[in-house]
file query08.tsv (TSV, C-alpha atoms and all ligand atoms)
chain	number	residue	atom	x	y	z
A	1435	MET	CA	-141.30	94.76	219.92
A	1436	ALA	CA	-139.77	91.52	218.64
A	1437	ILE	CA	-142.49	89.50	220.42
A	1438	ALA	CA	-145.24	91.65	218.90
A	1439	LEU	CA	-143.70	91.22	215.43
A	1440	ALA	CA	-143.39	87.46	215.91
A	1441	ALA	CA	-147.01	87.27	217.07
A	1442	PHE	CA	-148.08	89.42	214.12
A	1443	LEU	CA	-146.42	86.96	211.72
A	1444	LEU	CA	-147.07	83.69	213.49
A	1445	ILE	CA	-150.75	84.04	214.45
A	1446	PRO	CA	-151.97	84.38	210.83
A	1447	LEU	CA	-149.57	81.60	209.80
A	1448	PHE	CA	-150.90	79.24	212.45
A	1449	SER	CA	-154.53	80.16	211.64
A	1450	LEU	CA	-153.87	79.56	207.96
A	1451	GLY	CA	-152.16	76.29	208.82
A	1452	ALA	CA	-155.08	75.19	211.01
A	1453	VAL	CA	-157.57	75.89	208.20
A	1454	PHE	CA	-155.50	73.95	205.65
A	1455	VAL	CA	-154.88	71.03	208.01
A	1456	LEU	CA	-158.60	70.86	208.77
A	1457	ARG	CA	-159.43	70.92	205.05
A	1458	ALA	CA	-156.82	68.26	204.29
A	1459	TRP	CA	-158.08	66.18	207.23
A	1460	ARG	CA	-161.74	66.43	206.14
A	1461	LEU	CA	-160.74	65.46	202.62
A	1462	ASP	CA	-158.95	62.46	204.06
A	1463	LYS	CA	-162.07	61.37	205.97
A	1464	LYS	CA	-164.01	60.97	202.74
A	1465	ALA	CA	-164.46	57.51	201.26
A	1466	PRO	CA	-161.43	56.55	199.09
A	1467	ALA	CA	-163.50	56.77	195.88
A	1468	GLN	CA	-164.43	60.42	196.63
A	1469	ARG	CA	-160.98	61.40	197.75
A	1470	THR	CA	-158.52	63.07	195.38
A	1471	PRO	CA	-155.44	64.04	197.32
A	1472	ARG	CA	-154.13	67.50	196.67
A	1473	THR	CA	-150.73	67.36	195.02
A	1474	ARG	CA	-150.02	71.11	194.82
A	1475	PRO	CA	-148.32	72.83	197.78
A	1476	TYR	CA	-150.18	75.49	199.80
A	1477	PRO	CA	-148.75	79.01	199.91
A	1478	LEU	CA	-146.13	79.38	202.67
A	1479	LEU	CA	-147.01	76.00	204.25
A	1480	GLY	CA	-146.11	73.82	201.28
A	1481	HIS	CA	-147.30	70.24	201.71
A	1482	LEU	CA	-147.32	70.44	205.52
A	1483	PRO	CA	-151.14	70.35	205.91
A	1484	GLN	CA	-151.50	67.24	203.75
A	1485	PHE	CA	-148.53	65.65	205.48
A	1486	LEU	CA	-149.98	66.26	208.96
A	1487	ALA	CA	-153.37	64.91	207.94
A	1488	ASN	CA	-151.79	61.77	206.50
A	1489	ARG	CA	-148.75	61.05	208.61
A	1490	HIS	CA	-150.42	57.97	210.16
A	1491	ARG	CA	-150.56	56.53	206.59
A	1492	VAL	CA	-147.61	58.17	204.86
A	1493	LEU	CA	-146.93	55.35	202.39
A	1494	ASP	CA	-150.56	55.05	201.24
A	1495	TRP	CA	-150.85	58.81	200.89
A	1496	LEU	CA	-147.62	59.17	198.92
A	1497	THR	CA	-148.62	56.28	196.67
A	1498	GLU	CA	-151.95	58.01	195.91
A	1499	VAL	CA	-150.21	61.32	195.25
A	1500	LEU	CA	-147.51	59.84	193.01
A	1501	ALA	CA	-150.12	57.91	191.02
A	1502	LEU	CA	-151.83	61.22	190.19
A	1503	LEU	CA	-148.69	62.97	188.96
A	1504	PRO	CA	-147.72	62.42	185.30
A	1505	THR	CA	-144.01	62.16	186.19
A	1506	CYS	CA	-144.69	60.02	189.29
A	1507	THR	CA	-142.51	62.53	191.13
A	1508	LEU	CA	-143.38	64.95	193.93
A	1509	VAL	CA	-141.25	67.86	195.08
A	1510	PHE	CA	-142.26	67.87	198.72
A	1511	ARG	CA	-142.12	71.32	200.30
A	1512	ARG	CA	-142.26	72.35	203.93
A	1513	PRO	CA	-141.99	75.78	205.57
A	1514	GLY	CA	-138.46	77.10	205.99
A	1515	GLY	CA	-137.33	76.00	202.52
A	1516	VAL	CA	-137.18	72.28	203.45
A	1517	ARG	CA	-137.61	70.31	200.24
A	1518	GLY	CA	-137.33	66.71	199.18
A	1519	VAL	CA	-137.98	64.76	196.01
A	1520	ILE	CA	-140.15	61.64	196.24
A	1521	THR	CA	-140.23	59.57	193.11
A	1522	ALA	CA	-141.52	56.30	191.72
A	1523	ASN	CA	-140.32	57.10	188.22
A	1524	PRO	CA	-137.92	54.42	186.94
A	1525	THR	CA	-135.91	56.94	184.89
A	1526	ASN	CA	-135.39	59.16	187.94
A	1527	LEU	CA	-134.48	56.15	190.07
A	1528	GLU	CA	-131.92	55.05	187.49
A	1529	HIS	CA	-130.45	58.57	187.51
A	1530	ILE	CA	-130.31	58.82	191.34
A	1531	MET	CA	-129.30	55.29	192.25
A	1532	ARG	CA	-126.94	54.57	189.38
A	1533	ALA	CA	-126.02	57.18	186.77
A	1534	SER	CA	-125.33	60.06	189.18
A	1535	PHE	CA	-125.14	58.18	192.47
A	1536	ASP	CA	-122.37	60.37	193.93
A	1537	ASN	CA	-124.54	63.48	193.53
A	1538	TYR	CA	-127.14	62.08	195.93
A	1539	PRO	CA	-125.57	61.35	199.30
A	1540	LYS	CA	-127.89	60.71	202.23
A	1541	GLY	CA	-126.52	63.96	203.63
A	1542	PRO	CA	-126.03	65.38	207.14
A	1543	ARG	CA	-129.75	65.83	207.96
A	1544	PHE	CA	-130.57	62.18	207.29
A	1545	ALA	CA	-127.40	61.06	209.09
A	1546	ALA	CA	-128.22	63.17	212.17
A	1547	LEU	CA	-131.72	61.72	212.50
A	1548	LEU	CA	-130.56	58.12	212.34
A	1549	HIS	CA	-127.16	58.37	213.97
A	1550	ASP	CA	-128.26	57.37	217.48
A	1551	PHE	CA	-129.59	54.05	216.23
A	1552	LEU	CA	-127.52	53.23	213.14
A	1553	GLY	CA	-124.26	55.05	213.92
A	1554	ARG	CA	-122.14	54.91	210.76
A	1555	GLY	CA	-123.60	51.62	209.50
A	1556	ILE	CA	-124.08	51.21	205.74
A	1557	PHE	CA	-127.63	52.60	205.76
A	1558	ASN	CA	-126.41	55.81	207.35
A	1559	ALA	CA	-123.05	56.22	205.67
A	1560	ASP	CA	-121.84	58.23	202.70
A	1561	GLY	CA	-118.58	58.50	200.79
A	1562	GLU	CA	-115.64	56.33	201.81
A	1563	ALA	CA	-117.35	54.88	204.91
A	1564	TRP	CA	-120.22	53.67	202.70
A	1565	ARG	CA	-117.92	52.40	199.94
A	1566	ALA	CA	-115.77	50.33	202.31
A	1567	GLN	CA	-118.79	48.62	203.91
A	1568	ARG	CA	-120.43	48.06	200.57
A	1569	LYS	CA	-117.30	46.40	199.21
A	1570	ALA	CA	-116.88	44.19	202.28
A	1571	ALA	CA	-120.60	43.24	202.27
A	1572	SER	CA	-120.62	42.37	198.55
A	1573	TYR	CA	-117.56	40.22	199.07
A	1574	GLU	CA	-118.94	38.40	202.12
A	1575	PHE	CA	-122.35	37.78	200.58
A	1576	ASN	CA	-120.72	36.07	197.64
A	1577	THR	CA	-118.67	33.64	199.71
A	1578	ARG	CA	-119.72	30.03	199.59
A	1579	SER	CA	-119.52	29.52	203.35
A	1580	LEU	CA	-121.89	32.44	204.10
A	1581	ARG	CA	-124.31	31.26	201.43
A	1582	LEU	CA	-124.32	27.76	202.92
A	1583	PHE	CA	-124.81	29.22	206.39
A	1584	VAL	CA	-127.77	31.30	205.14
A	1585	ALA	CA	-129.29	28.27	203.39
A	1586	ARG	CA	-128.94	26.16	206.55
A	1587	SER	CA	-130.45	28.84	208.82
A	1588	VAL	CA	-133.37	29.46	206.50
A	1589	HIS	CA	-133.98	25.74	206.08
A	1590	SER	CA	-134.05	25.11	209.81
A	1591	GLU	CA	-136.36	28.10	210.52
A	1592	LEU	CA	-138.65	27.07	207.69
A	1593	HIS	CA	-138.94	23.38	208.50
A	1594	GLY	CA	-138.48	23.61	212.26
A	1595	ARG	CA	-140.86	26.48	212.94
A	1596	PHE	CA	-142.66	28.22	210.11
A	1597	LEU	CA	-144.20	25.25	208.30
A	1598	PRO	CA	-145.20	23.41	211.49
A	1599	LEU	CA	-146.96	26.60	212.63
A	1600	LEU	CA	-148.89	26.80	209.36
A	1601	ARG	CA	-149.76	23.11	209.63
A	1602	ARG	CA	-151.08	23.56	213.16
A	1603	ALA	CA	-153.19	26.52	212.05
A	1604	ALA	CA	-154.53	24.59	209.06
A	1605	GLY	CA	-155.21	21.54	211.24
A	1606	SER	CA	-157.19	23.46	213.82
A	1607	GLY	CA	-158.82	25.82	211.33
A	1608	SER	CA	-157.57	28.88	213.26
A	1609	GLN	CA	-156.62	32.16	211.64
A	1610	LEU	CA	-153.04	33.33	211.39
A	1611	ASN	CA	-151.77	36.86	210.81
A	1612	LEU	CA	-149.47	36.04	207.92
A	1613	GLN	CA	-147.65	39.39	207.94
A	1614	ASP	CA	-146.85	39.15	211.65
A	1615	THR	CA	-145.74	35.54	211.27
A	1616	LEU	CA	-143.50	36.42	208.32
A	1617	GLU	CA	-142.00	39.31	210.28
A	1618	ARG	CA	-141.08	36.93	213.08
A	1619	TYR	CA	-139.76	34.42	210.56
A	1620	ALA	CA	-137.59	37.10	208.87
A	1621	PHE	CA	-136.25	38.44	212.19
A	1622	ASP	CA	-135.23	34.97	213.40
A	1623	ASN	CA	-133.47	34.38	210.10
A	1624	ILE	CA	-131.65	37.68	209.88
A	1625	CYS	CA	-130.45	37.52	213.52
A	1626	ARG	CA	-128.97	34.09	212.92
A	1627	VAL	CA	-127.30	35.16	209.70
A	1628	ALA	CA	-126.03	38.49	211.07
A	1629	PHE	CA	-124.62	37.32	214.42
A	1630	ASP	CA	-125.69	33.76	215.07
A	1631	HIS	CA	-128.28	34.73	217.65
A	1632	ASP	CA	-131.68	33.08	217.78
A	1633	PRO	CA	-134.34	35.48	219.10
A	1634	ARG	CA	-136.96	32.69	218.85
A	1635	GLN	CA	-139.73	34.90	217.51
A	1636	LEU	CA	-141.47	31.80	216.18
A	1637	PRO	CA	-142.04	28.86	218.51
A	1638	ASP	CA	-140.25	25.58	217.89
A	1639	GLY	CA	-142.34	23.37	215.68
A	1640	ASP	CA	-144.03	20.38	217.20
A	1641	ASP	CA	-146.83	19.21	214.99
A	1642	SER	CA	-148.48	17.49	217.92
A	1643	ALA	CA	-148.67	20.77	219.86
A	1644	GLY	CA	-152.03	22.42	220.39
A	1645	PRO	CA	-153.59	24.97	218.06
A	1646	GLU	CA	-152.47	28.03	220.08
A	1647	VAL	CA	-150.91	29.62	217.01
A	1648	GLU	CA	-151.70	33.13	218.12
A	1649	SER	CA	-149.23	32.94	221.03
A	1650	THR	CA	-146.14	33.05	218.85
A	1651	ALA	CA	-144.31	35.40	221.24
A	1652	THR	CA	-141.62	33.55	223.14
A	1653	ALA	CA	-139.40	34.14	226.10
A	1654	SER	CA	-136.52	35.97	224.42
A	1655	SER	CA	-138.57	38.68	222.75
A	1656	SER	CA	-137.06	41.66	224.62
A	1657	PHE	CA	-134.27	42.18	222.08
A	1658	ALA	CA	-136.74	41.93	219.19
A	1659	ASP	CA	-139.14	44.35	220.93
A	1660	ALA	CA	-136.35	46.83	221.63
A	1661	PHE	CA	-135.14	46.58	218.03
A	1662	ARG	CA	-138.62	47.19	216.64
A	1663	ASP	CA	-139.16	50.18	218.97
A	1664	ALA	CA	-135.77	51.65	218.10
A	1665	ALA	CA	-136.48	51.35	214.36
A	1666	ASN	CA	-140.01	52.77	214.58
A	1667	LEU	CA	-139.13	55.63	216.93
A	1668	SER	CA	-136.09	56.57	214.81
A	1669	ALA	CA	-138.33	56.66	211.72
A	1670	GLY	CA	-140.78	58.80	213.71
A	1671	ARG	CA	-138.15	61.56	213.86
A	1672	PHE	CA	-138.84	62.21	210.16
A	1673	GLN	CA	-142.49	62.93	210.89
A	1674	TYR	CA	-142.40	65.99	213.11
A	1675	ALA	CA	-144.31	69.05	211.95
A	1676	VAL	CA	-141.36	71.14	213.15
A	1677	PRO	CA	-138.31	69.27	211.80
A	1678	GLY	CA	-135.83	69.69	214.68
A	1679	PHE	CA	-138.34	69.32	217.52
A	1680	TRP	CA	-137.05	65.84	218.38
A	1681	MET	CA	-133.73	67.40	219.43
A	1682	ILE	CA	-135.46	69.39	222.18
A	1683	LYS	CA	-137.28	66.26	223.37
A	1684	LYS	CA	-134.01	64.37	223.25
A	1685	ALA	CA	-132.17	67.02	225.27
A	1686	LEU	CA	-134.97	66.93	227.88
A	1687	ASN	CA	-135.24	63.12	227.69
A	1688	LEU	CA	-139.00	63.28	227.13
A	1689	GLY	CA	-141.67	60.99	225.65
A	1690	SER	CA	-140.72	59.14	222.48
A	1691	GLU	CA	-137.09	60.29	222.77
A	1692	ARG	CA	-136.82	58.76	226.24
A	1693	ARG	CA	-138.26	55.50	224.93
A	1694	LEU	CA	-135.90	55.65	221.96
A	1695	ARG	CA	-132.90	56.15	224.23
A	1696	GLU	CA	-133.95	53.14	226.33
A	1697	SER	CA	-134.56	50.85	223.36
A	1698	ILE	CA	-131.29	51.85	221.66
A	1699	ALA	CA	-129.39	51.24	224.92
A	1700	MET	CA	-130.91	47.76	225.07
A	1701	VAL	CA	-130.10	46.93	221.41
A	1702	HIS	CA	-126.55	48.31	221.64
A	1703	GLY	CA	-125.86	46.60	224.96
A	1704	PHE	CA	-127.04	43.30	223.54
A	1705	ALA	CA	-124.95	43.64	220.35
A	1706	ASP	CA	-121.88	44.73	222.34
A	1707	ARG	CA	-122.11	41.65	224.55
A	1708	ILE	CA	-122.30	39.37	221.51
A	1709	ILE	CA	-119.32	41.10	219.86
A	1710	ARG	CA	-117.19	40.81	223.00
A	1711	SER	CA	-117.98	37.14	223.54
A	1712	ARG	CA	-117.38	36.45	219.83
A	1713	ARG	CA	-113.91	38.01	220.08
A	1714	GLU	CA	-113.14	35.67	222.98
A	1715	GLU	CA	-114.45	32.62	221.12
A	1716	MET	CA	-112.44	33.53	218.03
A	1717	SER	CA	-109.28	34.08	220.04
A	1718	MET	CA	-109.71	30.49	221.26
A	1719	GLY	CA	-109.86	29.28	217.65
A	1720	CYS	CA	-113.61	28.75	217.41
A	1721	GLU	CA	-114.78	29.13	213.79
A	1722	LYS	CA	-118.20	30.62	213.01
A	1723	HIS	CA	-119.79	31.55	209.71
A	1724	ASP	CA	-122.25	34.32	210.52
A	1725	LEU	CA	-121.76	37.78	209.02
A	1726	LEU	CA	-120.32	39.33	212.19
A	1727	SER	CA	-117.67	36.61	212.54
A	1728	ARG	CA	-116.74	36.97	208.90
A	1729	PHE	CA	-116.40	40.73	209.23
A	1730	MET	CA	-114.30	40.24	212.37
A	1731	ALA	CA	-112.07	37.66	210.77
A	1732	ASN	CA	-111.45	39.67	207.61
A	1733	GLN	CA	-111.62	43.27	208.76
A	1734	GLY	CA	-111.23	42.75	212.52
A	1735	GLU	CA	-108.13	44.91	212.83
A	1736	SER	CA	-109.64	47.92	211.08
A	1737	TYR	CA	-113.09	47.76	212.75
A	1738	THR	CA	-113.66	49.04	216.27
A	1739	GLU	CA	-116.36	47.40	218.41
A	1740	THR	CA	-118.68	50.32	217.72
A	1741	ALA	CA	-118.11	50.00	213.97
A	1742	LEU	CA	-118.85	46.26	214.12
A	1743	ARG	CA	-122.04	46.97	216.06
A	1744	ASP	CA	-123.10	49.51	213.44
A	1745	VAL	CA	-122.50	46.98	210.65
A	1746	VAL	CA	-124.62	44.34	212.38
A	1747	ILE	CA	-127.50	46.70	213.21
A	1748	SER	CA	-127.76	47.93	209.61
A	1749	PHE	CA	-127.96	44.33	208.42
A	1750	LEU	CA	-130.66	43.46	210.93
A	1751	LEU	CA	-132.64	46.45	209.70
A	1752	ALA	CA	-132.02	45.52	206.05
A	1753	GLY	CA	-133.32	41.99	206.40
A	1754	ARG	CA	-136.25	42.57	208.72
A	1755	GLU	CA	-139.28	44.17	207.13
A	1756	THR	CA	-138.02	44.03	203.53
A	1757	THR	CA	-138.21	40.27	203.32
A	1758	SER	CA	-141.43	39.95	205.29
A	1759	SER	CA	-143.23	42.70	203.33
A	1760	ALA	CA	-142.14	41.22	200.02
A	1761	LEU	CA	-143.35	37.75	201.07
A	1762	THR	CA	-146.63	39.10	202.47
A	1763	TRP	CA	-147.40	40.90	199.22
A	1764	PHE	CA	-146.34	37.85	197.24
A	1765	PHE	CA	-148.80	35.56	199.05
A	1766	TRP	CA	-151.54	38.19	198.94
A	1767	LEU	CA	-151.16	38.55	195.18
A	1768	LEU	CA	-150.87	34.80	194.73
A	1769	SER	CA	-154.12	34.23	196.63
A	1770	SER	CA	-155.96	36.04	193.83
A	1771	ARG	CA	-154.17	34.20	190.99
A	1772	PRO	CA	-154.82	30.44	191.08
A	1773	ASP	CA	-153.41	30.16	187.53
A	1774	VAL	CA	-150.03	31.52	188.71
A	1775	GLU	CA	-150.15	29.32	191.81
A	1776	ARG	CA	-150.65	26.28	189.59
A	1777	ARG	CA	-147.68	27.20	187.39
A	1778	ILE	CA	-145.43	27.72	190.43
A	1779	ARG	CA	-146.47	24.32	191.84
A	1780	ASP	CA	-145.77	22.68	188.47
A	1781	GLU	CA	-142.35	24.30	188.24
A	1782	VAL	CA	-141.41	23.26	191.80
A	1783	ALA	CA	-142.56	19.68	191.10
A	1784	ALA	CA	-140.53	19.59	187.86
A	1785	VAL	CA	-137.35	20.87	189.57
A	1786	ARG	CA	-137.76	18.38	192.43
A	1787	ALA	CA	-138.30	15.49	190.04
A	1788	ALA	CA	-135.20	16.49	188.05
A	1789	GLU	CA	-133.12	16.70	191.26
A	1790	ARG	CA	-134.39	13.32	192.45
A	1791	SER	CA	-133.44	11.67	189.18
A	1792	ALA	CA	-129.99	13.36	189.25
A	1793	ILE	CA	-129.36	11.95	192.74
A	1794	THR	CA	-130.51	8.47	191.68
A	1795	ALA	CA	-128.34	8.64	188.57
A	1796	GLU	CA	-125.22	9.52	190.59
A	1797	PRO	CA	-125.26	7.54	193.83
A	1798	GLY	CA	-123.54	9.36	196.66
A	1799	SER	CA	-123.76	12.84	195.11
A	1800	ILE	CA	-126.15	15.36	196.63
A	1801	SER	CA	-126.86	18.64	194.90
A	1802	THR	CA	-126.12	21.67	197.12
A	1803	SER	CA	-127.16	24.34	194.63
B	1901	LIG	C1	-137.20	41.41	199.65
B	1901	LIG	C2	-136.25	41.85	200.43
B	1901	LIG	C3	-135.45	43.10	200.18
B	1901	LIG	C4	-135.75	44.22	199.47
B	1901	LIG	C5	-137.03	44.54	198.69
B	1901	LIG	C6	-134.62	45.11	199.58
B	1901	LIG	C7	-134.55	46.38	198.98
B	1901	LIG	C8	-133.47	47.22	199.09
B	1901	LIG	C9	-133.40	48.55	198.52
B	1901	LIG	C10	-134.48	49.21	197.67
B	1901	LIG	C11	-132.21	49.07	198.86
B	1901	LIG	C12	-131.68	50.44	198.48
B	1901	LIG	C13	-131.93	51.38	199.62
B	1901	LIG	C14	-131.21	52.69	199.48
B	1901	LIG	O1	-130.11	52.73	198.97
B	1901	LIG	O2	-131.75	53.69	199.98
B	1901	LIG	C15	-131.52	48.10	199.67
B	1901	LIG	C16	-130.27	48.27	200.21
B	1901	LIG	C17	-129.62	47.33	200.95
B	1901	LIG	N1	-130.06	46.07	201.28
B	1901	LIG	FE1	-131.83	45.28	200.75
B	1901	LIG	N2	-133.68	44.52	200.35
B	1901	LIG	C18	-134.12	43.30	200.75
B	1901	LIG	C19	-133.50	42.38	201.56
B	1901	LIG	C20	-132.23	42.54	202.06
B	1901	LIG	C21	-131.55	41.57	202.89
B	1901	LIG	C22	-132.11	40.22	203.35
B	1901	LIG	C23	-130.34	42.09	203.16
B	1901	LIG	C24	-129.19	41.53	203.97
B	1901	LIG	C25	-129.21	41.02	205.07
B	1901	LIG	C26	-130.24	43.38	202.52
B	1901	LIG	C27	-129.17	44.22	202.60
B	1901	LIG	C28	-129.11	45.46	202.04
B	1901	LIG	C29	-127.99	46.37	202.25
B	1901	LIG	C30	-126.72	46.10	203.03
B	1901	LIG	C31	-128.32	47.54	201.55
B	1901	LIG	C32	-127.51	48.82	201.50
B	1901	LIG	C33	-126.78	48.85	200.23
B	1901	LIG	C34	-126.15	50.15	200.01
B	1901	LIG	O3	-126.36	51.16	200.71
B	1901	LIG	O4	-125.40	50.16	199.07
B	1901	LIG	N3	-131.41	43.61	201.86
B	1901	LIG	N4	-132.29	46.97	199.78

call {"tool": "encode", "arguments": {"input": "query08.tsv", "output": "structure tokens", "more": "lines below"}}
Ligand code: HEM
result
Amino acid sequence: MAIALAAFLLIPLFSLGAVFVLRAWRLDKKAPAQRTPRTRPYPLLGHLPQFLANRHRVLDWLTEVLALLPTCTLVFRRPGGVRGVITANPTNLEHIMRASFDNYPKGPRFAALLHDFLGRGIFNADGEAWRAQRKAASYEFNTRSLRLFVARSVHSELHGRFLPLLRRAAGSGSQLNLQDTLERYAFDNICRVAFDHDPRQLPDGDDSAGPEVESTATASSSFADAFRDAANLSAGRFQYAVPGFWMIKKALNLGSERRLRESIAMVHGFADRIIRSRREEMSMGCEKHDLLSRFMANQGESYTETALRDVVISFLLAGRETTSSALTWFFWLLSSRPDVERRIRDEVAAVRAAERSAITAEPGSISTS
């Protein structure tokens, strides 16, 4: 009886869903100029059909939808009463991120999806756990020694690898995928700053080397690959048509969940080894300035090894695609604005000239700002 009732309810629902998904998919296949994404939810299914048709391009789709809405805000509905608010409205952002911050925790659903990878790191923490990490991070990022360490790491990656690579590409006239190169550049930087590890995602610069700029992958890419897979597969858990389906796959160790388990094990194992060897080095009096060492020195007693690992992984995630996406967009926009490029060049030249004259005026003093 129960099966018959379930079939009676589910068959029309699935048929309805299939029709809406097909319609949403066909709409999506139209040329962008013809396409007007539907912003209103469907009865019973909410925004699920549009979501399924667009989940391979979620950011583009949401950008198109938000641009159509007068409040730049979408209340995203899925079957079973699952709702979320997606907004690009500055007033709403101000309200959520600042004015009423405590009313908007990430919440248990978000935490459950990301816990395997991020544990209780800052990106997956609420309440006191979040506050404590936030306070410690703000303090550490404002210390002079960490700032100097960041400046030195970035300088060496820029001059030792990134610029030589661009020079080789320019010299040989070969094409370079700037986004990929900037991702590698950002990952090398953030790994050095977070735990003084060099994943060597960009090759060492040797201007006399050949023009093989496309082969930027280097020997120690397994950690970087595992990290990228763990981040992407964790994000994929948000994209299931049936929200908790990943838990079944996880319990059965199937498909993407099996790959996620393997990549997380690799990332965690790697981080754990670094934390253990850092403890030994520090107990022998060795002083280091990366973020992990600073956290260990200042909060070492109150942080377990797992907590330290969670801190480091959240920072790696924070500094990875954010920086590279921002730089990629920056150069893309700049390429269409020669007037802005000229003004930036002029400003850089003026600052350099001023610094040179300051150094000449005060022999022996070098500006570190
Ligand atoms: C252009 C580059 C970056 C952009 C656009 C960016 C953007 C953001 C945004 C929008 C948030 C808020 C996220 C949220 O609360 O849901 C955030 C949080 C955060 N970012 Fe960045 N970020 C960038 C680079 C970095 C770097 C390089 C680091 C450090 C290594 C970093 C560390 C953090 C941390 C720790 C948080 C969490 C803060 C918190 O929860 O209070 N970010 N970032």

call {"tool": "residues_near_ligand", "arguments": {"input": "query08.tsv", "ligand": "ligand LIG 1901 (chain B)", "cutoff": "6 Å", "atoms": "only C-alpha atoms and all ligand atoms", "output": "list in words"}}
result
Ile1556, Phe1557, Arg1568, Phe1749, Ala1752, Gly1753, Thr1756, Thr1757 and Ala1760 of chain A

call {"tool": "closest_residue", "arguments": {"input": "query08.tsv", "among": "A:Ala1783, A:Leu1548, A:Leu1768, A:Val1584", "to": "Leu1694 in chain A", "atoms": "all atoms listed in the file"}}
result
A:Leu1548

call {"tool": "closest_residue", "arguments": {"input": "query08.tsv", "among": "A:Leu1503, A:Ala1664, A:Ala1669, A:Leu1612", "to": "Arg1692 in chain A", "atoms": "all atoms listed in the file"}}
result
A:Ala1664

call {"tool": "axis_aligned_box", "arguments": {"input": "query08.tsv", "around": "range 1614-1618 of chain A", "padding_each_side": "8 Å", "output": "AutoDock Vina command-line options"}}
result
--center_x -144.0 --center_y 37.4 --center_z 210.7 --size_x 21.8 --size_y 19.8 --size_z 20.8

call {"tool": "atom_distance", "arguments": {"input": "query08.tsv", "atom1": "CA of Arg1511 in chain A", "atom2": "CA of Pro1475 in chain A"}}
result
6.9 Å

call {"tool": "closest_residue", "arguments": {"input": "query08.tsv", "among": "A:Leu1508, A:Ala1533, A:Val1627, A:Leu1686", "to": "Leu1750 in chain A", "atoms": "all atoms listed in the file"}}
result
A:Val1627

call {"tool": "closest_residue", "arguments": {"input": "query08.tsv", "among": "A:Leu1616, A:Leu1527, A:Ala1571, A:Ala1566", "to": "Thr1507 in chain A", "atoms": "all atoms listed in the file"}}
result
A:Leu1527

call {"tool": "decode", "arguments": {"input": "query08.tsv", "residues": "range 1779-1792 of chain A", "atoms": "N, CA and C atoms", "output": "mmCIF file, in the first residue's frame"}}
result
data_model
loop_
_atom_site.group_PDB
_atom_site.id
_atom_site.type_symbol
_atom_site.label_atom_id
_atom_site.label_comp_id
_atom_site.auth_asym_id
_atom_site.auth_seq_id
_atom_site.Cartn_x
_atom_site.Cartn_y
_atom_site.Cartn_z
ATOM 1 N N ARG A 1779 51.440 52.386 -14.981
ATOM 2 C CA ARG A 1779 52.884 52.427 -15.262
ATOM 3 C C ARG A 1779 53.489 53.734 -14.749
ATOM 4 N N ASP A 1780 52.782 54.852 -15.017
ATOM 5 C CA ASP A 1780 53.293 56.153 -14.574
ATOM 6 C C ASP A 1780 53.432 56.200 -13.054
ATOM 7 N N GLU A 1781 52.397 55.643 -12.377
ATOM 8 C CA GLU A 1781 52.425 55.700 -10.915
ATOM 9 C C GLU A 1781 53.583 54.856 -10.368
ATOM 10 N N VAL A 1782 53.751 53.639 -10.949
ATOM 11 C CA VAL A 1782 54.849 52.775 -10.494
ATOM 12 C C VAL A 1782 56.190 53.486 -10.719
ATOM 13 N N ALA A 1783 56.351 54.092 -11.899
ATOM 14 C CA ALA A 1783 57.622 54.778 -12.205
ATOM 15 C C ALA A 1783 57.856 55.922 -11.211
ATOM 16 N N ALA A 1784 56.783 56.653 -10.871
ATOM 17 C CA ALA A 1784 56.942 57.784 -9.948
ATOM 18 C C ALA A 1784 57.353 57.291 -8.561
ATOM 19 N N VAL A 1785 56.698 56.189 -8.087
ATOM 20 C CA VAL A 1785 57.032 55.666 -6.753
ATOM 21 C C VAL A 1785 58.477 55.170 -6.735
ATOM 22 N N ARG A 1786 58.879 54.476 -7.813
ATOM 23 C CA ARG A 1786 60.253 53.956 -7.864
ATOM 24 C C ARG A 1786 61.263 55.086 -7.853
ATOM 25 N N ALA A 1787 60.976 56.123 -8.625
ATOM 26 C CA ALA A 1787 61.908 57.257 -8.701
ATOM 27 C C ALA A 1787 62.026 57.904 -7.325
ATOM 28 N N ALA A 1788 60.883 58.046 -6.626
ATOM 29 C CA ALA A 1788 60.903 58.675 -5.298
ATOM 30 C C ALA A 1788 61.716 57.818 -4.339
ATOM 31 N N GLU A 1789 61.544 56.476 -4.417
ATOM 32 C CA GLU A 1789 62.288 55.592 -3.516
ATOM 33 C C GLU A 1789 63.776 55.656 -3.804
ATOM 34 N N ARG A 1790 64.120 55.708 -5.117
ATOM 35 C CA ARG A 1790 65.545 55.770 -5.474
ATOM 36 C C ARG A 1790 66.170 57.036 -4.909
ATOM 37 N N SER A 1791 65.450 58.162 -5.029
ATOM 38 C CA SER A 1791 66.044 59.404 -4.549
ATOM 39 C C SER A 1791 66.115 59.386 -3.021
ATOM 40 N N ALA A 1792 65.166 58.716 -2.338
ATOM 41 C CA ALA A 1792 65.229 58.649 -0.873
ATOM 42 C C ALA A 1792 66.452 57.854 -0.449
#
